[in-house]
Amino acid sequence: MLIGKVVGSVVATRKDAKLGGAKLLVVQVFDQQNKPKDQYVVAIDAVEAGVGDMVLYATGSSARQTDRTEGKPCDAVIMAVVDSWDLGGKNVYEKWA
Amino acid sequence: MLIGKVVGSVVATRKDAKLGGAKLLVVQVFDQQNKPKDQYVVAIDAVEAGVGDMVLYATGSSARQTDRTEGKPCDAVIMAVVDSWDLGGKNVYEKWA
Amino acid sequence: MLIGKVVGSVVATRKDAKLGGAKLLVVQVFDQQNKPKDQYVVAIDAVEAGVGDMVLYATGSSARQTDRTEGKPCDAVIMAVVDSWDLGGKNVYEKWA
Amino acid sequence: MLIGKVVGSVVATRKDAKLGGAKLLVVQVFDQQNKPKDQYVVAIDAVEAGVGDMVLYATGSSARQTDRTEGKPCDAVIMAVVDSWDLGGKNVYEKWA
Amino acid sequence: MLIGKVVGSVVATRKDAKLGGAKLLVVQVFDQQNKPKDQYVVAIDAVEAGVGDMVLYATGSSARQTDRTEGKPCDAVIMAVVDSWDLGGKNVYEKWA
């Protein structure tokens with residue numbers, strides 16, 4: 001998994017039938033120091049994430065292991081909202097700070 | 001998934017038997033700011049996309065989760081035509097503008 | 001899938017038992033403008049491709065969806081020989097030109 | 001697999017139900033010369049690894065082949081703690097040195 | 001698959017139970033011209049490869065399609081020892097030269 005920030009959303013009316021109702025979020029990938037990387041992904045949300053949330057996303061077949069993505073043509077899923085992380089014992093990000 | 005623009009198509013008469021009839025489109029990958037990236041993919045179309053459409057495509061085993069790609073040697077599928085997306089509350093792309 | 005050109009072949013006598021008889025081809029990856037990229041892959045041939053042919057190859061589990069690769073430790077397969085492709089309505093490559 | 005060093009951990013209360021109890025570790029990727037690369041991954045720990053340990057991690061569907069990750073939306077797992085490795089007959093890393 | 005050279009091995013006593021006995025080799029990735037790339041992988045050996053051998057390795061779920069890796073948290077397998085390869089009709093590498 002990588003850490004990312006939800007920065008937007010995608011609207012797509014014409015999509016594969018299995019994707020009806022899926023929430024498509026734009027996730028900016030971040031590095032472990034909490035800096036944005038030059039990389040993004042559009043992921044289906046499985047945990048009611050919102051714009052501004054730091055999240056974890058999983059890719060590939062692992063992205064289909066949630067109730068909301070099972071059997072769907074989806075290769076990226078937000079499977080956790082990050083509360084905090086630390087590196088070498090120091091807090092890097094704290095949601096509730 | 002990543003965002004891309006359909007920019008062309010590929011003709012291949014000699015192909016794996018399971019691929020008969022599949023529409024092979026050339027997709028230029030775009031970043032979240034709606035700028036083209038130096039990256040492309042040839043994807044099977046599952047949603048009647050056409051040249052010029054902004055689309056979402058899925059890769060890997062997830063690309064085989066549509067009726068048109070199931071069980072086929074296909075690692076990229078167009079599974080949605082994008083109507084619009086926004087970043088930080090601002091519209092970045094609008095199909096019908 | 002990506003577009004590539006068959007540029008060579010690999011001989012490997014000692015290989016996993018399931019791979020007996022598989023034709024291993026060296027594929028130079030090309031971009032959509034028909035220029036070689038600094039990237040290659042060794043792929044199993046499922047469509048009787050030959051040196052010089054422009055081809056499409058699929059990777060990952062999708063590479064095992066042909067009769068010749070099913071159940072084998074193979075992560076790249078040539079699943080089509082390209083006749084032609086176009087970009088923005090202009091022909092970029094034409095095999096029979 | 002790649003070699004990495006466990007450098008931190010992630011706390012995520014709101015996550016996919018299948019992930020309850022999973023330990024999420026931040027792994028800095030290392031090259032074969034034991035130098036850190038500009039790359040990280042958040043992986044689920046399957047072998048009681050701790051901060052400072054050099055580990056191996058597996059990605060993709062292979063990350064779901066442990067008792068702790070089976071069927072879960074997890075695309076990276078720590079599946080070994082590295083004791084040592086050598087290159088060209090010379091020891092590069094030795095945990096117990 | 002990519003071409004690589006076996007350059008070392010990894011010792012890991014504490015590992016996922018399914019991996020008991022697996023031989024973990026460090027593989028330096030090579031390009032098609034037989035030059036080392038700035039990339040490596042740790043792969044499980046399925047073909048009795050040794051240090052110095054040029055090999056092919058497969059990644060992802062395809063790495064689990066050998067008797068030695070089936071069902072294991074392994075995302076890279078050496079599935080062939082390379083005897084030789086050619087590019088454009090010219091021999092690039094010959095094991096027995």
# chains A, B, ... in the order shown; residues from 1 in each chain; ligands from 1

call {"tool": "select_by_dssp", "arguments": {"residues": "stretch 41-76 of chain A", "states": "strand (DSSP E or B)", "output": "PyMOL selection string"}}
result
chain A and resi 41-45+54-59+76

call {"tool": "write_last_selection", "arguments": {"atoms": "all heavy atoms", "output": "PDB file, in the first residue's frame"}}
result
ATOM      1  N   VAL A  41      -3.605   8.394  -8.463  1.00  0.00           N
ATOM      2  CA  VAL A  41      -4.374   7.237  -8.877  1.00  0.00           C
ATOM      3  C   VAL A  41      -5.844   7.566  -8.648  1.00  0.00           C
ATOM      4  O   VAL A  41      -6.174   8.365  -7.765  1.00  0.00           O
ATOM      5  CB  VAL A  41      -3.932   5.970  -8.093  1.00  0.00           C
ATOM      6  CG1 VAL A  41      -4.332   6.061  -6.629  1.00  0.00           C
ATOM      7  CG2 VAL A  41      -4.481   4.701  -8.709  1.00  0.00           C
ATOM      8  N   VAL A  42      -6.697   7.007  -9.479  1.00  0.00           N
ATOM      9  CA  VAL A  42      -8.136   7.099  -9.234  1.00  0.00           C
ATOM     10  C   VAL A  42      -8.544   5.788  -8.574  1.00  0.00           C
ATOM     11  O   VAL A  42      -8.341   4.707  -9.139  1.00  0.00           O
ATOM     12  CB  VAL A  42      -8.922   7.329 -10.546  1.00  0.00           C
ATOM     13  CG1 VAL A  42     -10.420   7.312 -10.273  1.00  0.00           C
ATOM     14  CG2 VAL A  42      -8.499   8.641 -11.203  1.00  0.00           C
ATOM     15  N   ALA A  43      -9.074   5.882  -7.370  1.00  0.00           N
ATOM     16  CA  ALA A  43      -9.387   4.676  -6.592  1.00  0.00           C
ATOM     17  C   ALA A  43     -10.852   4.665  -6.190  1.00  0.00           C
ATOM     18  O   ALA A  43     -11.469   5.714  -6.019  1.00  0.00           O
ATOM     19  CB  ALA A  43      -8.505   4.628  -5.342  1.00  0.00           C
ATOM     20  N   ILE A  44     -11.390   3.465  -6.031  1.00  0.00           N
ATOM     21  CA  ILE A  44     -12.741   3.331  -5.480  1.00  0.00           C
ATOM     22  C   ILE A  44     -12.636   3.379  -3.966  1.00  0.00           C
ATOM     23  O   ILE A  44     -11.733   2.804  -3.365  1.00  0.00           O
ATOM     24  CB  ILE A  44     -13.398   2.016  -5.968  1.00  0.00           C
ATOM     25  CG1 ILE A  44     -13.730   2.139  -7.466  1.00  0.00           C
ATOM     26  CG2 ILE A  44     -14.654   1.691  -5.155  1.00  0.00           C
ATOM     27  CD1 ILE A  44     -14.473   0.944  -8.052  1.00  0.00           C
ATOM     28  N   ASP A  45     -13.566   4.090  -3.372  1.00  0.00           N
ATOM     29  CA  ASP A  45     -13.546   4.289  -1.930  1.00  0.00           C
ATOM     30  C   ASP A  45     -14.316   3.163  -1.234  1.00  0.00           C
ATOM     31  O   ASP A  45     -15.480   2.936  -1.525  1.00  0.00           O
ATOM     32  CB  ASP A  45     -14.201   5.638  -1.615  1.00  0.00           C
ATOM     33  CG  ASP A  45     -14.292   5.895  -0.127  1.00  0.00           C
ATOM     34  OD1 ASP A  45     -13.457   5.362   0.621  1.00  0.00           O
ATOM     35  OD2 ASP A  45     -15.196   6.637   0.277  1.00  0.00           O
ATOM     36  N   MET A  54      -6.028  11.733   4.548  1.00  0.00           N
ATOM     37  CA  MET A  54      -4.881  10.908   4.195  1.00  0.00           C
ATOM     38  C   MET A  54      -5.358   9.458   4.271  1.00  0.00           C
ATOM     39  O   MET A  54      -6.024   9.064   5.234  1.00  0.00           O
ATOM     40  CB  MET A  54      -3.715  11.121   5.163  1.00  0.00           C
ATOM     41  CG  MET A  54      -3.160  12.535   5.178  1.00  0.00           C
ATOM     42  SD  MET A  54      -2.569  13.143   3.568  1.00  0.00           S
ATOM     43  CE  MET A  54      -1.092  12.158   3.344  1.00  0.00           C
ATOM     44  N   VAL A  55      -5.020   8.683   3.258  1.00  0.00           N
ATOM     45  CA  VAL A  55      -5.552   7.323   3.165  1.00  0.00           C
ATOM     46  C   VAL A  55      -4.460   6.335   2.754  1.00  0.00           C
ATOM     47  O   VAL A  55      -3.369   6.727   2.337  1.00  0.00           O
ATOM     48  CB  VAL A  55      -6.693   7.248   2.114  1.00  0.00           C
ATOM     49  CG1 VAL A  55      -7.867   8.134   2.517  1.00  0.00           C
ATOM     50  CG2 VAL A  55      -6.180   7.640   0.723  1.00  0.00           C
ATOM     51  N   LEU A  56      -4.769   5.070   2.888  1.00  0.00           N
ATOM     52  CA  LEU A  56      -3.968   4.011   2.271  1.00  0.00           C
ATOM     53  C   LEU A  56      -4.775   3.439   1.126  1.00  0.00           C
ATOM     54  O   LEU A  56      -5.995   3.263   1.245  1.00  0.00           O
ATOM     55  CB  LEU A  56      -3.674   2.884   3.272  1.00  0.00           C
ATOM     56  CG  LEU A  56      -2.740   3.194   4.433  1.00  0.00           C
ATOM     57  CD1 LEU A  56      -2.642   1.966   5.338  1.00  0.00           C
ATOM     58  CD2 LEU A  56      -1.349   3.583   3.925  1.00  0.00           C
ATOM     59  N   TYR A  57      -4.079   3.132   0.023  1.00  0.00           N
ATOM     60  CA  TYR A  57      -4.778   2.459  -1.069  1.00  0.00           C
ATOM     61  C   TYR A  57      -3.989   1.221  -1.487  1.00  0.00           C
ATOM     62  O   TYR A  57      -2.764   1.175  -1.355  1.00  0.00           O
ATOM     63  CB  TYR A  57      -5.007   3.408  -2.259  1.00  0.00           C
ATOM     64  CG  TYR A  57      -3.777   3.803  -3.020  1.00  0.00           C
ATOM     65  CD1 TYR A  57      -3.374   3.084  -4.144  1.00  0.00           C
ATOM     66  CD2 TYR A  57      -3.002   4.891  -2.635  1.00  0.00           C
ATOM     67  CE1 TYR A  57      -2.238   3.440  -4.855  1.00  0.00           C
ATOM     68  CE2 TYR A  57      -1.870   5.247  -3.337  1.00  0.00           C
ATOM     69  CZ  TYR A  57      -1.495   4.517  -4.444  1.00  0.00           C
ATOM     70  OH  TYR A  57      -0.363   4.866  -5.137  1.00  0.00           O
ATOM     71  N   ALA A  58      -4.716   0.230  -1.929  1.00  0.00           N
ATOM     72  CA  ALA A  58      -4.122  -1.020  -2.415  1.00  0.00           C
ATOM     73  C   ALA A  58      -4.424  -1.156  -3.892  1.00  0.00           C
ATOM     74  O   ALA A  58      -5.459  -0.688  -4.362  1.00  0.00           O
ATOM     75  CB  ALA A  58      -4.684  -2.215  -1.656  1.00  0.00           C
ATOM     76  N   THR A  59      -3.507  -1.811  -4.624  1.00  0.00           N
ATOM     77  CA  THR A  59      -3.668  -1.901  -6.076  1.00  0.00           C
ATOM     78  C   THR A  59      -3.717  -3.368  -6.540  1.00  0.00           C
ATOM     79  O   THR A  59      -3.497  -4.286  -5.768  1.00  0.00           O
ATOM     80  CB  THR A  59      -2.505  -1.196  -6.796  1.00  0.00           C
ATOM     81  OG1 THR A  59      -1.286  -1.800  -6.365  1.00  0.00           O
ATOM     82  CG2 THR A  59      -2.484   0.288  -6.476  1.00  0.00           C
ATOM     83  N   ALA A  76      -7.623  -0.224  -7.986  1.00  0.00           N
ATOM     84  CA  ALA A  76      -7.138   0.579  -6.860  1.00  0.00           C
ATOM     85  C   ALA A  76      -8.290   0.855  -5.914  1.00  0.00           C
ATOM     86  O   ALA A  76      -9.367   1.292  -6.360  1.00  0.00           O
ATOM     87  CB  ALA A  76      -6.539   1.903  -7.357  1.00  0.00           C
TER      88      ALA A  76
END

call {"tool": "residues_around", "arguments": {"residues": "stretch 35-40 of chain B", "least_positions_apart": "3", "cutoff": "8 Å", "atoms": "only C-alpha atoms", "output": "PyMOL selection string"}}
result
(chain B and resi 26-32) or (chain C and resi 2+31-32)

call {"tool": "write_last_selection", "arguments": {"atoms": "C-alpha atoms", "output": "compact mmCIF listing (two decimals), in the first residue's frame"}}
result
# COMPACT_ATOMS: atom_id res chain seq x y z
CA VAL B 26 -4.49 3.57 -27.94
CA VAL B 27 -4.84 5.55 -24.72
CA GLN B 28 -2.56 8.49 -23.89
CA VAL B 29 -2.19 8.67 -20.12
CA PHE B 30 -3.04 12.02 -18.50
CA ASP B 31 -2.18 13.39 -15.09
CA GLN B 32 -4.75 14.70 -12.63
CA LEU C 2 2.07 -2.23 -25.02
CA ASP C 31 5.97 4.08 -27.86
CA GLN C 32 2.76 5.05 -29.62

call {"tool": "interface_residues", "arguments": {"of": "chain D", "to": "chain A", "cutoff": "8 Å", "atoms": "only C-alpha atoms", "output": "list of chain:residue names"}}
result
D:Val7, D:Gly8, D:Ser9, D:Val10, D:Val11, D:Ala12, D:Thr13, D:Arg14, D:Lys15, D:Asp16, D:Lys18, D:Val26, D:Gln39, D:Tyr40, D:Val41, D:Val42, D:Ala43, D:Val51, D:Gly60, D:Ser61, D:Arg64, D:Gly71, D:Lys72, D:Pro73, D:Cys74, D:Asp75, D:Ala76

call {"tool": "atom_distance", "arguments": {"atom1": "atom CA of D:Lys95", "atom2": "atom CA of D:Gln33"}}
result
14.6 Å

call {"tool": "atom_distance", "arguments": {"atom1": "atom CA of B:Gly4", "atom2": "atom CA of B:Gly50"}}
result
12.0 Å

call {"tool": "atom_distance", "arguments": {"atom1": "atom CA of A:Gly20", "atom2": "atom CA of B:Ala22"}}
result
22.9 Å

call {"tool": "decode", "arguments": {"residues": "stretch 18-40 of chain A", "atoms": "N, CA, C and O atoms", "output": "mmCIF file, in the first residue's frame"}}
result
data_model
loop_
_atom_site.group_PDB
_atom_site.id
_atom_site.type_symbol
_atom_site.label_atom_id
_atom_site.label_comp_id
_atom_site.auth_asym_id
_atom_site.auth_seq_id
_atom_site.Cartn_x
_atom_site.Cartn_y
_atom_site.Cartn_z
ATOM 1 N N LYS A 18 -20.903 -3.204 -13.724
ATOM 2 C CA LYS A 18 -20.577 -3.616 -12.349
ATOM 3 C C LYS A 18 -20.151 -2.444 -11.471
ATOM 4 O O LYS A 18 -20.079 -2.579 -10.257
ATOM 5 N N LEU A 19 -19.828 -1.321 -12.094
ATOM 6 C CA LEU A 19 -19.296 -0.187 -11.332
ATOM 7 C C LEU A 19 -20.372 0.793 -10.885
ATOM 8 O O LEU A 19 -20.072 1.799 -10.247
ATOM 9 N N GLY A 20 -21.638 0.493 -11.171
ATOM 10 C CA GLY A 20 -22.721 1.402 -10.794
ATOM 11 C C GLY A 20 -22.667 1.755 -9.323
ATOM 12 O O GLY A 20 -22.647 0.875 -8.474
ATOM 13 N N GLY A 21 -22.614 3.049 -9.031
ATOM 14 C CA GLY A 21 -22.625 3.481 -7.632
ATOM 15 C C GLY A 21 -21.263 3.608 -6.983
ATOM 16 O O GLY A 21 -21.152 4.121 -5.881
ATOM 17 N N ALA A 22 -20.235 3.126 -7.643
ATOM 18 C CA ALA A 22 -18.897 3.221 -7.038
ATOM 19 C C ALA A 22 -18.446 4.675 -6.968
ATOM 20 O O ALA A 22 -18.604 5.431 -7.926
ATOM 21 N N LYS A 23 -17.869 5.056 -5.843
ATOM 22 C CA LYS A 23 -17.350 6.420 -5.684
ATOM 23 C C LYS A 23 -15.893 6.432 -6.125
ATOM 24 O O LYS A 23 -15.058 5.714 -5.587
ATOM 25 N N LEU A 24 -15.601 7.249 -7.131
ATOM 26 C CA LEU A 24 -14.263 7.301 -7.737
ATOM 27 C C LEU A 24 -13.522 8.531 -7.235
ATOM 28 O O LEU A 24 -13.908 9.659 -7.560
ATOM 29 N N LEU A 25 -12.471 8.327 -6.469
ATOM 30 C CA LEU A 25 -11.746 9.452 -5.886
ATOM 31 C C LEU A 25 -10.361 9.595 -6.503
ATOM 32 O O LEU A 25 -9.703 8.605 -6.835
ATOM 33 N N VAL A 26 -9.922 10.846 -6.650
ATOM 34 C CA VAL A 26 -8.573 11.128 -7.121
ATOM 35 C C VAL A 26 -7.666 11.199 -5.895
ATOM 36 O O VAL A 26 -7.918 11.984 -4.971
ATOM 37 N N VAL A 27 -6.629 10.375 -5.891
ATOM 38 C CA VAL A 27 -5.719 10.303 -4.751
ATOM 39 C C VAL A 27 -4.328 10.753 -5.197
ATOM 40 O O VAL A 27 -3.750 10.191 -6.132
ATOM 41 N N GLN A 28 -3.812 11.777 -4.535
ATOM 42 C CA GLN A 28 -2.435 12.226 -4.768
ATOM 43 C C GLN A 28 -1.540 11.357 -3.895
ATOM 44 O O GLN A 28 -1.759 11.251 -2.689
ATOM 45 N N VAL A 29 -0.547 10.739 -4.506
ATOM 46 C CA VAL A 29 0.332 9.862 -3.735
ATOM 47 C C VAL A 29 1.311 10.714 -2.925
ATOM 48 O O VAL A 29 1.807 11.736 -3.412
ATOM 49 N N PHE A 30 1.567 10.307 -1.689
ATOM 50 C CA PHE A 30 2.507 11.000 -0.801
ATOM 51 C C PHE A 30 3.654 10.058 -0.463
ATOM 52 O O PHE A 30 3.508 8.831 -0.501
ATOM 53 N N ASP A 31 4.811 10.661 -0.126
ATOM 54 C CA ASP A 31 5.901 9.806 0.344
ATOM 55 C C ASP A 31 5.796 9.636 1.864
ATOM 56 O O ASP A 31 4.882 10.175 2.501
ATOM 57 N N GLN A 32 6.732 8.891 2.424
ATOM 58 C CA GLN A 32 6.636 8.580 3.851
ATOM 59 C C GLN A 32 6.939 9.775 4.739
ATOM 60 O O GLN A 32 6.672 9.753 5.936
ATOM 61 N N GLN A 33 7.513 10.845 4.130
ATOM 62 C CA GLN A 33 7.789 12.076 4.882
ATOM 63 C C GLN A 33 6.624 13.051 4.805
ATOM 64 O O GLN A 33 6.747 14.198 5.220
ATOM 65 N N ASN A 34 5.524 12.595 4.238
ATOM 66 C CA ASN A 34 4.316 13.424 4.112
ATOM 67 C C ASN A 34 4.465 14.523 3.067
ATOM 68 O O ASN A 34 3.882 15.606 3.194
ATOM 69 N N LYS A 35 5.247 14.224 2.023
ATOM 70 C CA LYS A 35 5.354 15.159 0.909
ATOM 71 C C LYS A 35 4.688 14.559 -0.317
ATOM 72 O O LYS A 35 4.847 13.357 -0.592
ATOM 73 N N PRO A 36 3.968 15.383 -1.100
ATOM 74 C CA PRO A 36 3.302 14.850 -2.293
ATOM 75 C C PRO A 36 4.310 14.369 -3.341
ATOM 76 O O PRO A 36 5.357 14.987 -3.529
ATOM 77 N N LYS A 37 4.004 13.249 -3.959
ATOM 78 C CA LYS A 37 4.806 12.740 -5.064
ATOM 79 C C LYS A 37 4.136 13.122 -6.385
ATOM 80 O O LYS A 37 2.944 13.441 -6.419
ATOM 81 N N ASP A 38 4.901 13.053 -7.450
ATOM 82 C CA ASP A 38 4.366 13.368 -8.768
ATOM 83 C C ASP A 38 3.647 12.139 -9.324
ATOM 84 O O ASP A 38 4.042 11.577 -10.346
ATOM 85 N N GLN A 39 2.605 11.736 -8.627
ATOM 86 C CA GLN A 39 1.917 10.487 -8.981
ATOM 87 C C GLN A 39 0.503 10.550 -8.405
ATOM 88 O O GLN A 39 0.284 11.108 -7.330
ATOM 89 N N TYR A 40 -0.440 9.991 -9.131
ATOM 90 C CA TYR A 40 -1.807 9.958 -8.620
ATOM 91 C C TYR A 40 -2.437 8.639 -9.037
ATOM 92 O O TYR A 40 -1.879 7.892 -9.867
#
